[in-house]
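model.txt (compact mmCIF, C-alpha atoms) appears below.
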```
# COMPACT_ATOMS: atom_id res chain seq x y z
CA MET A 1 -12.95 56.79 -18.22
CA ILE A 2 -12.59 53.02 -18.59
CA LYS A 3 -14.20 51.66 -21.72
CA ASN A 4 -17.03 49.16 -21.07
CA TRP A 5 -17.06 50.20 -17.39
CA PRO A 6 -20.60 48.86 -16.75
CA THR A 7 -19.54 45.40 -17.98
CA THR A 8 -16.34 45.45 -15.94
CA PHE A 9 -18.21 46.58 -12.83
CA ALA A 10 -20.82 43.83 -13.28
CA CYS A 11 -18.06 41.22 -13.60
CA LEU A 12 -16.41 42.49 -10.41
CA LEU A 13 -19.74 42.25 -8.56
CA VAL A 14 -20.22 38.66 -9.72
CA ILE A 15 -16.69 37.73 -8.57
CA LEU A 16 -17.16 39.40 -5.18
CA PHE A 17 -20.57 37.77 -4.71
CA GLY A 18 -19.13 34.36 -5.55
CA PHE A 19 -16.22 34.99 -3.19
CA ALA A 20 -18.64 35.85 -0.38
CA LEU A 21 -20.74 32.75 -1.03
CA PHE A 22 -17.65 30.56 -0.99
CA TYR A 23 -16.53 32.13 2.29
CA ILE A 24 -19.91 31.55 3.93
CA GLY A 25 -20.38 28.10 2.46
CA THR A 26 -17.00 26.91 3.67
CA ASP A 27 -17.18 28.38 7.18
CA GLY A 28 -14.68 31.10 6.37
CA PHE A 29 -12.49 28.88 4.13
CA GLN A 30 -12.06 26.34 6.95
CA ALA A 31 -14.28 23.76 5.29
CA PHE A 32 -13.99 22.81 1.67
CA THR A 33 -16.52 19.98 1.79
CA ALA A 34 -20.00 19.54 3.22
CA GLU A 35 -18.67 16.84 5.56
CA THR A 36 -16.02 19.14 7.03
CA ALA A 37 -18.58 21.89 7.49
CA ARG A 38 -20.91 19.42 9.22
CA VAL A 39 -18.13 18.28 11.58
CA ASN A 40 -17.14 21.86 12.37
CA LYS A 41 -20.75 22.67 13.26
CA LEU A 42 -20.97 19.64 15.56
CA ILE A 43 -17.80 20.69 17.39
CA ASP A 44 -19.12 24.25 17.71
CA ASP A 45 -22.56 23.14 18.93
CA LYS A 46 -21.24 20.53 21.42
CA PRO A 47 -24.50 18.51 21.56
CA LYS A 48 -25.30 16.63 24.75
CA PHE A 49 -25.42 12.85 24.68
CA PRO A 50 -29.16 12.03 24.75
CA ASP A 51 -30.83 9.78 27.30
CA VAL A 52 -30.45 6.26 25.92
CA THR A 53 -30.12 2.79 27.41
CA PHE A 54 -27.19 0.65 26.33
CA GLU A 55 -27.06 -3.12 26.36
CA ASP A 56 -23.44 -4.20 26.16
CA SER A 57 -21.72 -7.43 25.16
CA LYS A 58 -22.06 -8.69 28.75
CA GLY A 59 -25.83 -8.15 28.69
CA ARG A 60 -25.62 -5.23 31.13
CA ASN A 61 -27.98 -2.27 30.80
CA TYR A 62 -27.06 1.32 31.68
CA SER A 63 -27.20 4.91 30.47
CA ILE A 64 -24.43 7.33 29.57
CA SER A 65 -24.28 8.21 33.28
CA GLU A 66 -22.34 4.96 33.65
CA PHE A 67 -19.37 7.01 32.43
CA LYS A 68 -20.05 10.16 34.42
CA GLY A 69 -16.85 12.04 35.24
CA LYS A 70 -14.96 10.35 32.39
CA TYR A 71 -14.26 11.05 28.76
CA VAL A 72 -15.82 8.59 26.32
CA PHE A 73 -14.16 7.81 22.99
CA ILE A 74 -16.83 6.50 20.61
CA THR A 75 -17.32 4.78 17.27
CA PHE A 76 -20.55 3.79 15.50
CA LEU A 77 -20.63 0.48 13.60
CA TYR A 78 -22.50 -2.67 12.67
CA THR A 79 -20.80 -6.05 12.94
CA SER A 80 -22.01 -7.37 9.56
CA CYS A 81 -20.08 -4.60 7.81
CA THR A 82 -17.25 -5.91 5.64
CA THR A 83 -15.92 -2.57 4.42
CA VAL A 84 -15.16 0.41 6.66
CA CYS A 85 -16.22 -0.92 10.09
CA PRO A 86 -13.39 -3.47 10.54
CA GLN A 87 -10.84 -0.77 9.71
CA LEU A 88 -12.62 1.70 11.98
CA GLU A 89 -12.43 -0.71 14.92
CA MET A 90 -8.87 -1.75 14.11
CA ASN A 91 -7.86 1.90 14.24
CA MET A 92 -9.85 2.29 17.47
CA SER A 93 -7.75 -0.59 18.83
CA LYS A 94 -4.55 1.21 17.83
CA VAL A 95 -5.65 4.39 19.59
CA TYR A 96 -6.61 2.31 22.64
CA ASP A 97 -3.12 0.79 22.74
CA LYS A 98 -1.47 4.21 22.55
CA VAL A 99 -3.34 5.71 25.51
CA PRO A 100 -1.54 4.96 28.82
CA SER A 101 -3.33 2.27 30.82
CA LYS A 102 -3.36 4.50 33.91
CA TYR A 103 -6.15 6.55 32.31
CA MET A 104 -8.28 3.61 31.19
CA GLY A 105 -11.50 3.15 33.12
CA LYS A 106 -10.50 5.96 35.48
CA ASP A 107 -10.44 8.99 33.20
CA ILE A 108 -11.66 7.58 29.89
CA ASN A 109 -13.66 4.70 28.46
CA PHE A 110 -13.83 3.51 24.88
CA LEU A 111 -17.28 2.64 23.53
CA SER A 112 -18.30 1.10 20.19
CA ILE A 113 -22.03 1.54 19.51
CA SER A 114 -23.89 -0.67 17.03
CA PHE A 115 -26.63 0.92 14.94
CA ASP A 116 -27.89 -2.55 13.93
CA PRO A 117 -29.46 -3.71 17.22
CA ALA A 118 -31.65 -6.40 15.64
CA ARG A 119 -28.60 -8.44 14.63
CA ASP A 120 -25.96 -7.14 17.04
CA ASP A 121 -27.18 -8.80 20.22
CA PRO A 122 -24.87 -9.24 23.24
CA SER A 123 -23.46 -12.58 22.07
CA THR A 124 -22.65 -11.15 18.63
CA LEU A 125 -21.00 -8.11 20.19
CA GLU A 126 -19.09 -10.34 22.61
CA LYS A 127 -17.65 -12.33 19.72
CA TYR A 128 -16.92 -9.21 17.67
CA ARG A 129 -15.03 -7.41 20.44
CA GLY A 130 -12.60 -10.31 20.59
CA TYR A 131 -11.40 -9.53 17.08
CA PHE A 132 -10.09 -6.16 18.27
CA ASN A 133 -8.85 -6.97 21.80
CA SER A 134 -11.63 -4.99 23.46
CA ASP A 135 -11.68 -6.03 27.13
CA GLY A 136 -15.42 -5.43 27.53
CA GLU A 137 -14.80 -3.04 30.42
CA THR A 138 -12.54 -0.10 29.62
CA TRP A 139 -13.52 -0.63 25.97
CA ARG A 140 -17.10 -1.77 25.64
CA MET A 141 -19.27 -2.70 22.69
CA ALA A 142 -22.99 -2.06 23.04
CA ARG A 143 -26.27 -1.63 21.23
CA ILE A 144 -29.30 0.60 21.84
CA THR A 145 -32.40 -1.58 21.54
CA LYS A 146 -35.01 1.21 21.37
CA GLN A 147 -35.03 2.57 17.83
CA ALA A 148 -36.30 6.01 18.88
CA GLU A 149 -33.38 6.39 21.29
CA LEU A 150 -30.89 5.19 18.68
CA ASP A 151 -32.30 7.58 16.07
CA ALA A 152 -32.08 10.49 18.53
CA LEU A 153 -28.42 9.78 19.21
CA LEU A 154 -27.50 9.38 15.55
CA LYS A 155 -29.27 12.64 14.69
CA GLU A 156 -27.71 14.55 17.58
CA PHE A 157 -24.19 13.42 16.68
CA GLY A 158 -24.63 13.79 12.93
CA VAL A 159 -24.15 10.07 12.21
CA ILE A 160 -25.67 9.26 8.83
CA VAL A 161 -26.96 5.68 8.49
CA ILE A 162 -28.85 4.64 5.34
CA PRO A 163 -30.11 1.02 4.95
CA ASP A 164 -29.49 -0.35 1.46
CA GLY A 165 -32.37 -2.82 1.65
CA ASN A 166 -30.03 -5.82 1.61
CA GLY A 167 -28.94 -5.83 5.23
CA SER A 168 -26.10 -3.35 4.83
CA PHE A 169 -25.82 0.35 5.53
CA ALA A 170 -24.18 3.36 3.92
CA HIS A 171 -22.76 5.43 6.77
CA ASN A 172 -20.13 7.98 7.69
CA SER A 173 -17.34 7.02 10.10
CA ALA A 174 -15.28 8.95 12.63
CA PHE A 175 -13.99 8.99 16.18
CA TYR A 176 -16.27 10.93 18.57
CA LEU A 177 -15.07 12.32 21.90
CA VAL A 178 -17.58 13.05 24.67
CA ASP A 179 -16.39 15.01 27.69
CA LYS A 180 -16.97 14.37 31.39
CA ASN A 181 -20.26 16.24 31.26
CA GLY A 182 -21.65 14.21 28.39
CA SER A 183 -21.12 16.79 25.64
CA LEU A 184 -19.60 16.02 22.26
CA VAL A 185 -16.36 18.01 22.10
CA ASP A 186 -14.51 16.57 19.10
CA VAL A 187 -14.99 14.55 15.93
CA MET A 188 -11.75 13.07 14.60
CA ASP A 189 -10.66 11.44 11.37
CA TYR A 190 -10.55 7.72 12.12
CA LYS A 191 -7.73 7.25 9.62
CA LYS A 192 -5.41 9.53 11.62
CA VAL A 193 -4.61 7.20 14.50
CA ASP A 194 -1.54 8.99 15.87
CA GLU A 195 -3.26 12.37 15.75
CA ALA A 196 -6.29 11.04 17.65
CA ALA A 197 -4.14 9.25 20.24
CA ASN A 198 -1.92 12.29 20.81
CA LYS A 199 -4.99 14.49 21.26
CA LEU A 200 -6.44 12.13 23.87
CA VAL A 201 -3.17 11.83 25.78
CA ASP A 202 -2.77 15.62 25.75
CA ILE A 203 -6.31 16.17 27.07
CA LEU A 204 -5.99 13.50 29.75
CA GLY A 205 -2.55 14.73 30.80
CA LYS A 206 -3.80 18.29 31.23
CA GLU A 207 -6.80 17.06 33.22
CA ALA A 208 -4.39 15.19 35.52
CA GLY A 209 -2.18 18.28 35.85
CA GLU A 210 0.76 16.62 34.10
```
Spit out the file's structure as structure tokens when you get a sec.
Amino acid sequence: MIKNWPTTFACLLVILFGFALFYIGTDGFQAFTAETARVNKLIDDKPKFPDVTFEDSKGRNYSISEFKGKYVFITFLYTSCTTVCPQLEMNMSKVYDKVPSKYMGKDINFLSISFDPARDDPSTLEKYRGYFNSDGETWRMARITKQAELDALLKEFGVIVIPDGNGSFAHNSAFYLVDKNGSLVDVMDYKKVDEAANKLVDILGKEAGE
């Protein structure tokens, strides 16, 4: 009989219990951070885009149905941001340039959504889009003026926005892909431009039977 068996058995139980917790807490070892687990859950849940009204840089008002039958590639930003947002939109621009023009406006639209509607009015968005070669049509920049609608969208898509009290926000950043039926189907790392572009081209090509 093994000496100190009760102690050894107890240690094995602790190790197995910890192993099980790690497995559950990381979605079966697929997620090693809370952010990855959150993204995986969003992709699994495929939330529907809520009913909101956009006001874009041209002053036009419409709902998500404006893009019915098309994919929508989305970012969330605020134009006063001097840290991650400019890089986010620059990378959005790079993805935009890598997607064949034949798909633009026909099969997919790009959409940058401000979560700072008080400051990001149409004229501000119109100026801002020019920095990234957004054409205002196949790639639009818009705000959601009703706070309740904006909050519902941010919550549904897991976008974390925390005001710092000085006019700036702490927020997470990613590329979001909504399908033709208005459901969120992917959340992509905004730093991986080629990976995001290749994924879009692959999806659009398959949809077109190419």
Please provide the set of residues having any atom within 10 Å of Thr145 in chain A, restricted to only C-alpha atoms, with same-chain residues fewer than 3 positions apart removed, written as a tab-separated table (two decimals) with C-alpha atoms, in the frame of the given file.
```tsv
chain	number	residue	atom	x	y	z
A	52	VAL	CA	-30.45	6.26	25.92
A	53	THR	CA	-30.12	2.79	27.41
A	54	PHE	CA	-27.19	0.65	26.33
A	55	GLU	CA	-27.06	-3.12	26.36
A	114	SER	CA	-23.89	-0.67	17.03
A	115	PHE	CA	-26.63	0.92	14.94
A	116	ASP	CA	-27.89	-2.55	13.93
A	117	PRO	CA	-29.46	-3.71	17.22
A	118	ALA	CA	-31.65	-6.40	15.64
A	120	ASP	CA	-25.96	-7.14	17.04
A	121	ASP	CA	-27.18	-8.80	20.22
A	142	ALA	CA	-22.99	-2.06	23.04
A	148	ALA	CA	-36.30	6.01	18.88
A	149	GLU	CA	-33.38	6.39	21.29
A	150	LEU	CA	-30.89	5.19	18.68
```
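Nearest to Leu77 in chain A of all the residues A:Ile160, A:Asp135, A:Asp107, A:Ile203 is A:Ile160, based on only C-alpha atoms.
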*Give me, please, the distance in Å between CA of Asp202 in chain A and CA of Val99 in chain A, quoted to one decimal.*
9.9 Å
*For each of A:Phe157, A:Phe169, A:Tyr131, A:Tyr62, take the minimum atom-to-atom distance to Asn40 in chain A, counting all atoms listed in the file, then give the residue where this is smallest.*
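Closest to Asn40 in chain A of all the choices is A:Phe157.
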Using all atoms of range 35-50 of chain A that appear in the file, construct an axis-aligned enclosing box with 4 Å of padding on every side and provide its centre coordinates and edge lengths in Å, rounded to one decimal, as lines of an AutoDock Vina configuration file.
```
center_x = -22.6
center_y = 18.1
center_z = 15.2
size_x = 21.1
size_y = 20.2
size_z = 27.2
```
*Close residues, range 65-73 of chain A itself excluded, 8 Å, all atoms listed in the file, min 6 positions apart in chain, as a VMD selection string*: chain A and resid 106 to 111 175 to 182
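Here CA of Lys102 in chain A stands at a distance of 28.2 Å from CA of Pro47 in chain A.
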*So which one's closest to Thr83 in chain A, A:Leu204, A:Ala170, A:Leu154, A:Met188? Using only C-alpha atoms, please.*
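Between A:Leu204, A:Ala170, A:Leu154, A:Met188, the residue approaching Thr83 in chain A most closely is A:Ala170.
If you measure from each of A:Pro50, A:Gly167, A:Val201, A:Gly158 to Ala37 in chain A using all atoms listed in the file, the closest one turns out to be A:Gly158.
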